[in-house]
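Data block below; observations after.
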Amino acid sequence: MNSSTNTYDGDAHDTENAITQKPTIERWFSRTSHSSPKVRLFCFPYAGGNARMFREWHDWCGPEVEVVAVELPGRGFNSRMPFINSMDAMIERLLPVIDPLLDRPFALFGHSMGALISFELSRALKARGCKTPLRLFASGMRAPHLWGGDKIHLLPDDQFVEALKTLNGTPSEILGDSDLLEMFVPLLRADLRLSETYQFIPGTPLQHPITVFGGIEDITTPANHLHEWERHTCSSCTVRLLEGHHFFIQQSAHLVAASILKSLGRVSMPAAFESVFASAATESRTQETEPAYSSGD
């Protein structure tokens with residue numbers, strides 16, 4: 001298996017395509033076609049994921065909430081764009097393309113790697129005096145200052161694939177198909193490099209609330225590591241635990257989306273989605289706590 005590929009890490013080795021073609025909204029985002037939403041919800045995928053994981057969210061959250069699913073380079077309709085494998089480069093590329101869509105209230109959601117990107121994007125917007133989110137929704141990720149240690153992206157291909165199996169997030173049809181693995185491994189290796197080389201730099205806490213989602217059976221992200229997110233906001237921090245392991249988002253996306261709608265407050269729950277949430281809630285164990293926040297890093 002050959003895992004070499006083009007990547008973009010913000011240095012002097014940018015590809016010609018990355019330099020000459022300025023990213024556009026259409027190339028980065030899959031958007032719901034609502035004419036005047038009250039809120040925009042930007043959704044960032046986990047490592048190896050793409051905008052398609054939010055395809056049902058467009059119906060669940062509309063029409064008052066426009067779901068803007070972020071299609072990161074190297075996947076989906078951006079499959080020809082070089083991967084971005086560093087956090088600094090990712091934020092620098094995101095800022096100019098997201099700015100035109102900040103003309104109305106918005107929130108950020110991300111799962112795992114997507115949660116780190118959402119957090120750093122929130123910080124960058126605040127640091128540059130831009131509009132900031134109503135709320136940050138971080139899912140399946142321990143508090144940023146606790147992140148680090150894993151180096152899966154450095155493993156040889158055979159060990160890398162075995163490590164993927166233990167994470168329970170890669171579809172079995174990919175793991176069992178050498179041709180699919182040939183295409184998938186470079187993308188996931190680049191994504192894992194982005195998240196595993198991330199280093200938290202202490203700074204001023206965010207001003208907006210944070211809601212954190214976690215899986216009750218997720219041994220990689222225990223509840224006490226989720227509660228540590230409270231250190232990164234001067235507002236409230238709510239922790240909501242759902243049944244499942246690290247990729248609980250795959251079976252509980254509707255519960256997460258419903259919780260987001262309720263947290264935003266200013267939007268109503270679509271009637272059809274309310275019934276879905278009600279029936280699902282009776283089948284799943286959920287825990288919710290709202291610890292006192294700490295104003296310092």
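Letters A, B, ... mark the chains of the structure tokens in the order given; residue numbers begin at 1 per chain; ligand numbers begin at 1, in order shown.
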### Task
Excluding Pro45 (chain A) and any residue of its chain fewer than 5 positions from it, enumerate the residues within 12 Å of it, using only C-alpha atoms, and give them as a PyMOL selection string.
chain A and resi 29+50-55+68-73+75-76+108-118+138-140+188+191+247+249-250
Limited to N, CA and C atoms, could you put the picked residues into a file as an mmCIF file, in the first residue's frame?
data_model
loop_
_atom_site.group_PDB
_atom_site.id
_atom_site.type_symbol
_atom_site.label_atom_id
_atom_site.label_comp_id
_atom_site.auth_asym_id
_atom_site.auth_seq_id
_atom_site.Cartn_x
_atom_site.Cartn_y
_atom_site.Cartn_z
ATOM 1 N N PHE A 29 -18.270 24.362 1.261
ATOM 2 C CA PHE A 29 -19.471 24.132 2.054
ATOM 3 C C PHE A 29 -20.595 23.485 1.265
ATOM 4 N N ASN A 50 -16.618 13.370 5.925
ATOM 5 C CA ASN A 50 -16.876 14.416 4.937
ATOM 6 C C ASN A 50 -18.249 15.018 5.166
ATOM 7 N N ALA A 51 -18.631 15.933 4.305
ATOM 8 C CA ALA A 51 -19.877 16.668 4.482
ATOM 9 C C ALA A 51 -21.110 15.766 4.420
ATOM 10 N N ARG A 52 -21.002 14.600 3.812
ATOM 11 C CA ARG A 52 -22.158 13.707 3.675
ATOM 12 C C ARG A 52 -22.673 13.206 5.016
ATOM 13 N N MET A 53 -21.820 13.200 6.039
ATOM 14 C CA MET A 53 -22.274 12.707 7.341
ATOM 15 C C MET A 53 -23.347 13.608 7.940
ATOM 16 N N PHE A 54 -23.517 14.806 7.364
ATOM 17 C CA PHE A 54 -24.529 15.747 7.857
ATOM 18 C C PHE A 54 -25.705 15.889 6.894
ATOM 19 N N ARG A 55 -25.827 14.965 5.944
ATOM 20 C CA ARG A 55 -26.850 15.125 4.907
ATOM 21 C C ARG A 55 -28.269 15.133 5.480
ATOM 22 N N VAL A 68 -24.581 24.223 7.448
ATOM 23 C CA VAL A 68 -23.480 24.444 6.508
ATOM 24 C C VAL A 68 -22.429 23.379 6.811
ATOM 25 N N ALA A 69 -22.489 22.282 6.069
ATOM 26 C CA ALA A 69 -21.560 21.168 6.287
ATOM 27 C C ALA A 69 -20.241 21.487 5.599
ATOM 28 N N VAL A 70 -19.169 21.427 6.355
ATOM 29 C CA VAL A 70 -17.853 21.798 5.830
ATOM 30 C C VAL A 70 -17.228 20.602 5.125
ATOM 31 N N GLU A 71 -16.882 20.798 3.850
ATOM 32 C CA GLU A 71 -16.202 19.760 3.074
ATOM 33 C C GLU A 71 -14.723 20.097 3.044
ATOM 34 N N LEU A 72 -13.964 19.473 3.927
ATOM 35 C CA LEU A 72 -12.541 19.759 4.013
ATOM 36 C C LEU A 72 -11.818 19.243 2.766
ATOM 37 N N PRO A 73 -10.692 19.842 2.407
ATOM 38 C CA PRO A 73 -9.955 19.416 1.220
ATOM 39 C C PRO A 73 -9.564 17.938 1.265
ATOM 40 N N ARG A 75 -11.513 15.334 0.057
ATOM 41 C CA ARG A 75 -12.623 14.383 0.179
ATOM 42 C C ARG A 75 -13.856 14.956 -0.523
ATOM 43 N N GLY A 76 -14.820 14.061 -0.768
ATOM 44 C CA GLY A 76 -16.081 14.491 -1.353
ATOM 45 C C GLY A 76 -15.883 15.304 -2.610
ATOM 46 N N LEU A 108 -21.046 26.714 15.903
ATOM 47 C CA LEU A 108 -20.085 25.761 15.348
ATOM 48 C C LEU A 108 -20.261 24.404 16.021
ATOM 49 N N PHE A 109 -20.249 23.350 15.204
ATOM 50 C CA PHE A 109 -20.291 21.982 15.724
ATOM 51 C C PHE A 109 -19.172 21.182 15.088
ATOM 52 N N GLY A 110 -18.532 20.327 15.875
ATOM 53 C CA GLY A 110 -17.538 19.423 15.322
ATOM 54 C C GLY A 110 -17.416 18.181 16.179
ATOM 55 N N HIS A 111 -17.141 17.054 15.526
ATOM 56 C CA HIS A 111 -16.934 15.806 16.264
ATOM 57 C C HIS A 111 -15.472 15.399 16.159
ATOM 58 N N SER A 112 -14.863 15.072 17.290
ATOM 59 C CA SER A 112 -13.482 14.611 17.371
ATOM 60 C C SER A 112 -12.553 15.656 16.739
ATOM 61 N N MET A 113 -11.863 15.321 15.638
ATOM 62 C CA MET A 113 -11.014 16.318 14.981
ATOM 63 C C MET A 113 -11.795 17.591 14.675
ATOM 64 N N GLY A 114 -13.038 17.432 14.263
ATOM 65 C CA GLY A 114 -13.871 18.589 13.951
ATOM 66 C C GLY A 114 -14.109 19.492 15.145
ATOM 67 N N ALA A 115 -14.120 18.919 16.349
ATOM 68 C CA ALA A 115 -14.288 19.728 17.561
ATOM 69 C C ALA A 115 -13.068 20.612 17.797
ATOM 70 N N LEU A 116 -11.875 20.060 17.572
ATOM 71 C CA LEU A 116 -10.659 20.864 17.727
ATOM 72 C C LEU A 116 -10.626 22.005 16.717
ATOM 73 N N ILE A 117 -11.010 21.697 15.460
ATOM 74 C CA ILE A 117 -11.026 22.729 14.429
ATOM 75 C C ILE A 117 -12.031 23.814 14.807
ATOM 76 N N SER A 118 -13.217 23.418 15.270
ATOM 77 C CA SER A 118 -14.243 24.389 15.658
ATOM 78 C C SER A 118 -13.752 25.280 16.794
ATOM 79 N N ALA A 138 -18.930 20.922 20.969
ATOM 80 C CA ALA A 138 -17.774 20.045 20.817
ATOM 81 C C ALA A 138 -18.185 18.617 21.145
ATOM 82 N N SER A 139 -17.950 17.709 20.222
ATOM 83 C CA SER A 139 -18.424 16.332 20.382
ATOM 84 C C SER A 139 -17.271 15.338 20.283
ATOM 85 N N GLY A 140 -17.249 14.376 21.210
ATOM 86 C CA GLY A 140 -16.272 13.297 21.149
ATOM 87 C C GLY A 140 -14.829 13.758 21.242
ATOM 88 N N LEU A 188 -6.955 9.697 5.860
ATOM 89 C CA LEU A 188 -7.056 9.547 7.306
ATOM 90 C C LEU A 188 -5.722 9.817 7.986
ATOM 91 N N ASP A 191 -5.455 13.570 8.219
ATOM 92 C CA ASP A 191 -6.350 14.094 9.248
ATOM 93 C C ASP A 191 -5.810 13.812 10.645
ATOM 94 N N PHE A 247 -17.566 6.892 18.546
ATOM 95 C CA PHE A 247 -18.351 7.290 17.374
ATOM 96 C C PHE A 247 -19.842 7.157 17.630
ATOM 97 N N ILE A 249 -21.788 9.389 17.568
ATOM 98 C CA ILE A 249 -22.437 10.295 16.621
ATOM 99 C C ILE A 249 -23.074 9.532 15.467
ATOM 100 N N GLN A 250 -22.544 8.336 15.167
ATOM 101 C CA GLN A 250 -23.066 7.575 14.040
ATOM 102 C C GLN A 250 -24.459 7.031 14.305
#
### Message
Quick one: residues within 12 Å of Leu101 (chain A), only C-alpha atoms, excluding same-chain residues fewer than 5 positions away - as a list in words?
### Response
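Listed by chain and then number, they are Thr24, Ile25, Glu26, Trp28, Phe29, Arg31, Pro37, Val39, Arg40, Leu41, Phe42, Glu66, Val67, Val68, Leu94, Leu95, Pro96, Phe106, Ala107, Cys130, Lys131, Thr132 and Pro133 of chain A.
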#### Entry: All strand (DSSP E or B) residues (DSSP, backbone) inside region 85-173 of chain A, as a list of chain:residue names
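Of region 85-173 of chain A, only A:Phe106, A:Ala107, A:Leu108, A:Phe109, A:Gly110, A:His111, A:Leu136, A:Phe137, A:Ala138, A:Ser139 fall in strand (DSSP E or B).
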Residues just named, written with C-alpha atoms as a short mmCIF file (atom, residue, chain, number, x, y, z; two decimals), in the first residue's frame:
data_model
loop_
_atom_site.label_atom_id
_atom_site.label_comp_id
_atom_site.auth_asym_id
_atom_site.auth_seq_id
_atom_site.Cartn_x
_atom_site.Cartn_y
_atom_site.Cartn_z
CA PHE A 106 -24.12 31.24 13.80
CA ALA A 107 -22.88 28.29 15.84
CA LEU A 108 -20.09 25.76 15.35
CA PHE A 109 -20.29 21.98 15.72
CA GLY A 110 -17.54 19.42 15.32
CA HIS A 111 -16.93 15.81 16.26
CA LEU A 136 -19.59 26.03 20.40
CA PHE A 137 -20.73 22.40 20.25
CA ALA A 138 -17.77 20.04 20.82
CA SER A 139 -18.42 16.33 20.38
#
### Which residue of A:Cys61, A:Leu154, A:Ile91, A:Met141 approaches Ala257 (chain A) most closely, using only C-alpha atoms
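The answer is A:Cys61, which sits nearest to Ala257 (chain A).
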### Task
Once DSSP has gone over the backbone, tell me which residues of region 104-208 of chain A are in alpha helix (DSSP H), as a PyMOL selection string.
chain A and resi 113-127+157-167+172-175+178-196
Would you mind exporting N, CA and C atoms of the selected residues as a CSV table (one decimal), in the first residue's frame?
chain,number,residue,atom,x,y,z
A,113,MET,N,-11.9,15.3,15.6
A,113,MET,CA,-11.0,16.3,15.0
A,113,MET,C,-11.8,17.6,14.7
A,114,GLY,N,-13.0,17.4,14.3
A,114,GLY,CA,-13.9,18.6,14.0
A,114,GLY,C,-14.1,19.5,15.1
A,115,ALA,N,-14.1,18.9,16.3
A,115,ALA,CA,-14.3,19.7,17.6
A,115,ALA,C,-13.1,20.6,17.8
A,116,LEU,N,-11.9,20.1,17.6
A,116,LEU,CA,-10.7,20.9,17.7
A,116,LEU,C,-10.6,22.0,16.7
A,117,ILE,N,-11.0,21.7,15.5
A,117,ILE,CA,-11.0,22.7,14.4
A,117,ILE,C,-12.0,23.8,14.8
A,118,SER,N,-13.2,23.4,15.3
A,118,SER,CA,-14.2,24.4,15.7
A,118,SER,C,-13.8,25.3,16.8
A,119,PHE,N,-13.1,24.7,17.8
A,119,PHE,CA,-12.6,25.4,18.9
A,119,PHE,C,-11.5,26.5,18.5
A,120,GLU,N,-10.6,26.0,17.6
A,120,GLU,CA,-9.5,26.9,17.2
A,120,GLU,C,-10.1,28.0,16.3
A,121,LEU,N,-11.1,27.7,15.5
A,121,LEU,CA,-11.7,28.7,14.6
A,121,LEU,C,-12.4,29.7,15.5
A,122,SER,N,-13.1,29.3,16.6
A,122,SER,CA,-13.7,30.2,17.5
A,122,SER,C,-12.7,31.2,18.1
A,123,ARG,N,-11.5,30.7,18.5
A,123,ARG,CA,-10.5,31.5,19.0
A,123,ARG,C,-9.9,32.5,18.0
A,124,ALA,N,-9.8,32.0,16.8
A,124,ALA,CA,-9.2,32.8,15.7
A,124,ALA,C,-10.2,34.0,15.4
A,125,LEU,N,-11.5,33.7,15.3
A,125,LEU,CA,-12.5,34.7,15.1
A,125,LEU,C,-12.4,35.8,16.1
A,126,LYS,N,-12.4,35.3,17.4
A,126,LYS,CA,-12.3,36.3,18.5
A,126,LYS,C,-11.0,37.1,18.5
A,127,ALA,N,-9.9,36.5,18.2
A,127,ALA,CA,-8.6,37.2,18.2
A,127,ALA,C,-8.6,38.2,17.1
A,157,ASP,N,1.9,1.2,7.4
A,157,ASP,CA,0.5,1.0,6.9
A,157,ASP,C,-0.2,-0.2,7.5
A,158,ASP,N,0.5,-1.3,7.7
A,158,ASP,CA,-0.2,-2.4,8.3
A,158,ASP,C,-0.6,-2.2,9.7
A,159,GLN,N,0.3,-1.5,10.5
A,159,GLN,CA,-0.1,-1.2,11.9
A,159,GLN,C,-1.1,-0.1,12.0
A,160,PHE,N,-1.0,0.8,11.0
A,160,PHE,CA,-2.0,1.9,10.9
A,160,PHE,C,-3.4,1.4,10.7
A,161,VAL,N,-3.6,0.4,9.8
A,161,VAL,CA,-4.9,-0.2,9.6
A,161,VAL,C,-5.4,-0.9,10.8
A,162,GLU,N,-4.5,-1.7,11.5
A,162,GLU,CA,-4.9,-2.3,12.7
A,162,GLU,C,-5.4,-1.3,13.8
A,163,ALA,N,-4.7,-0.2,13.9
A,163,ALA,CA,-5.1,0.8,14.8
A,163,ALA,C,-6.5,1.4,14.5
A,164,LEU,N,-6.8,1.5,13.2
A,164,LEU,CA,-8.1,2.0,12.7
A,164,LEU,C,-9.2,1.1,13.2
A,165,LYS,N,-8.9,-0.2,13.2
A,165,LYS,CA,-9.9,-1.2,13.6
A,165,LYS,C,-10.3,-1.0,15.1
A,166,THR,N,-9.3,-0.7,15.9
A,166,THR,CA,-9.6,-0.5,17.3
A,166,THR,C,-10.4,0.8,17.6
A,167,LEU,N,-10.4,1.7,16.7
A,167,LEU,CA,-11.2,3.0,16.9
A,167,LEU,C,-12.7,2.8,16.6
A,172,SER,N,-16.4,-1.3,7.9
A,172,SER,CA,-15.8,-2.6,7.6
A,172,SER,C,-15.6,-2.9,6.1
A,173,GLU,N,-16.4,-2.3,5.3
A,173,GLU,CA,-16.3,-2.5,3.8
A,173,GLU,C,-15.0,-1.8,3.3
A,174,ILE,N,-14.6,-0.8,4.0
A,174,ILE,CA,-13.3,-0.2,3.6
A,174,ILE,C,-12.1,-1.0,4.1
A,175,LEU,N,-12.2,-1.4,5.4
A,175,LEU,CA,-11.1,-2.1,6.0
A,175,LEU,C,-10.9,-3.4,5.3
A,178,SER,N,-8.8,-3.8,-0.1
A,178,SER,CA,-7.4,-3.2,-0.3
A,178,SER,C,-7.4,-2.0,-1.2
A,179,ASP,N,-8.3,-2.0,-2.2
A,179,ASP,CA,-8.4,-0.9,-3.1
A,179,ASP,C,-8.9,0.3,-2.4
A,180,LEU,N,-10.0,0.1,-1.6
A,180,LEU,CA,-10.6,1.3,-0.9
A,180,LEU,C,-9.6,1.8,0.1
A,181,LEU,N,-8.9,0.9,0.8
A,181,LEU,CA,-7.9,1.3,1.8
A,181,LEU,C,-6.8,2.1,1.1
A,182,GLU,N,-6.4,1.8,-0.1
A,182,GLU,CA,-5.4,2.5,-0.8
A,182,GLU,C,-5.8,4.0,-1.0
A,183,MET,N,-7.1,4.2,-1.2
A,183,MET,CA,-7.6,5.6,-1.3
A,183,MET,C,-7.8,6.3,0.0
A,184,PHE,N,-8.2,5.5,1.0
A,184,PHE,CA,-8.7,6.1,2.3
A,184,PHE,C,-7.6,6.4,3.2
A,185,VAL,N,-6.5,5.5,3.3
A,185,VAL,CA,-5.5,5.7,4.3
A,185,VAL,C,-4.7,7.0,4.2
A,186,PRO,N,-4.4,7.5,3.0
A,186,PRO,CA,-3.7,8.8,2.9
A,186,PRO,C,-4.5,10.0,3.5
A,187,LEU,N,-5.8,9.9,3.3
A,187,LEU,CA,-6.7,11.0,3.8
A,187,LEU,C,-6.7,10.9,5.3
A,188,LEU,N,-7.0,9.7,5.9
A,188,LEU,CA,-7.1,9.5,7.3
A,188,LEU,C,-5.7,9.8,8.0
A,189,ARG,N,-4.6,9.4,7.3
A,189,ARG,CA,-3.3,9.7,7.9
A,189,ARG,C,-3.1,11.2,8.0
A,190,ALA,N,-3.5,12.0,7.0
A,190,ALA,CA,-3.3,13.4,7.0
A,190,ALA,C,-4.2,14.0,8.1
A,191,ASP,N,-5.5,13.6,8.2
A,191,ASP,CA,-6.3,14.1,9.2
A,191,ASP,C,-5.8,13.8,10.6
A,192,LEU,N,-5.3,12.6,10.8
A,192,LEU,CA,-4.8,12.2,12.2
A,192,LEU,C,-3.5,13.0,12.5
A,193,ARG,N,-2.7,13.3,11.4
A,193,ARG,CA,-1.6,14.2,11.7
A,193,ARG,C,-2.0,15.5,12.1
A,194,LEU,N,-3.0,16.1,11.5
A,194,LEU,CA,-3.5,17.4,11.9
A,194,LEU,C,-3.9,17.4,13.4
A,195,SER,N,-4.7,16.4,13.8
A,195,SER,CA,-5.2,16.4,15.2
A,195,SER,C,-4.1,15.9,16.2
A,196,GLU,N,-3.3,15.0,15.8
A,196,GLU,CA,-2.3,14.4,16.7
A,196,GLU,C,-1.1,15.4,16.9
### Message
Taking 6 positions as the minimum chain separation for residues in the same chain, which residues sit within 8 Å of Ala143 (chain A) when counting only C-alpha atoms? Answer as a ChimeraX atom specification.
### Response
/A:225-229
### Using only C-alpha atoms: which of A:Lys262, A:Arg93, A:Tyr46, A:Pro63 has the shortest distance to His246 (chain A)
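Of the candidates, the smallest distance to His246 (chain A) is held by A:Tyr46.
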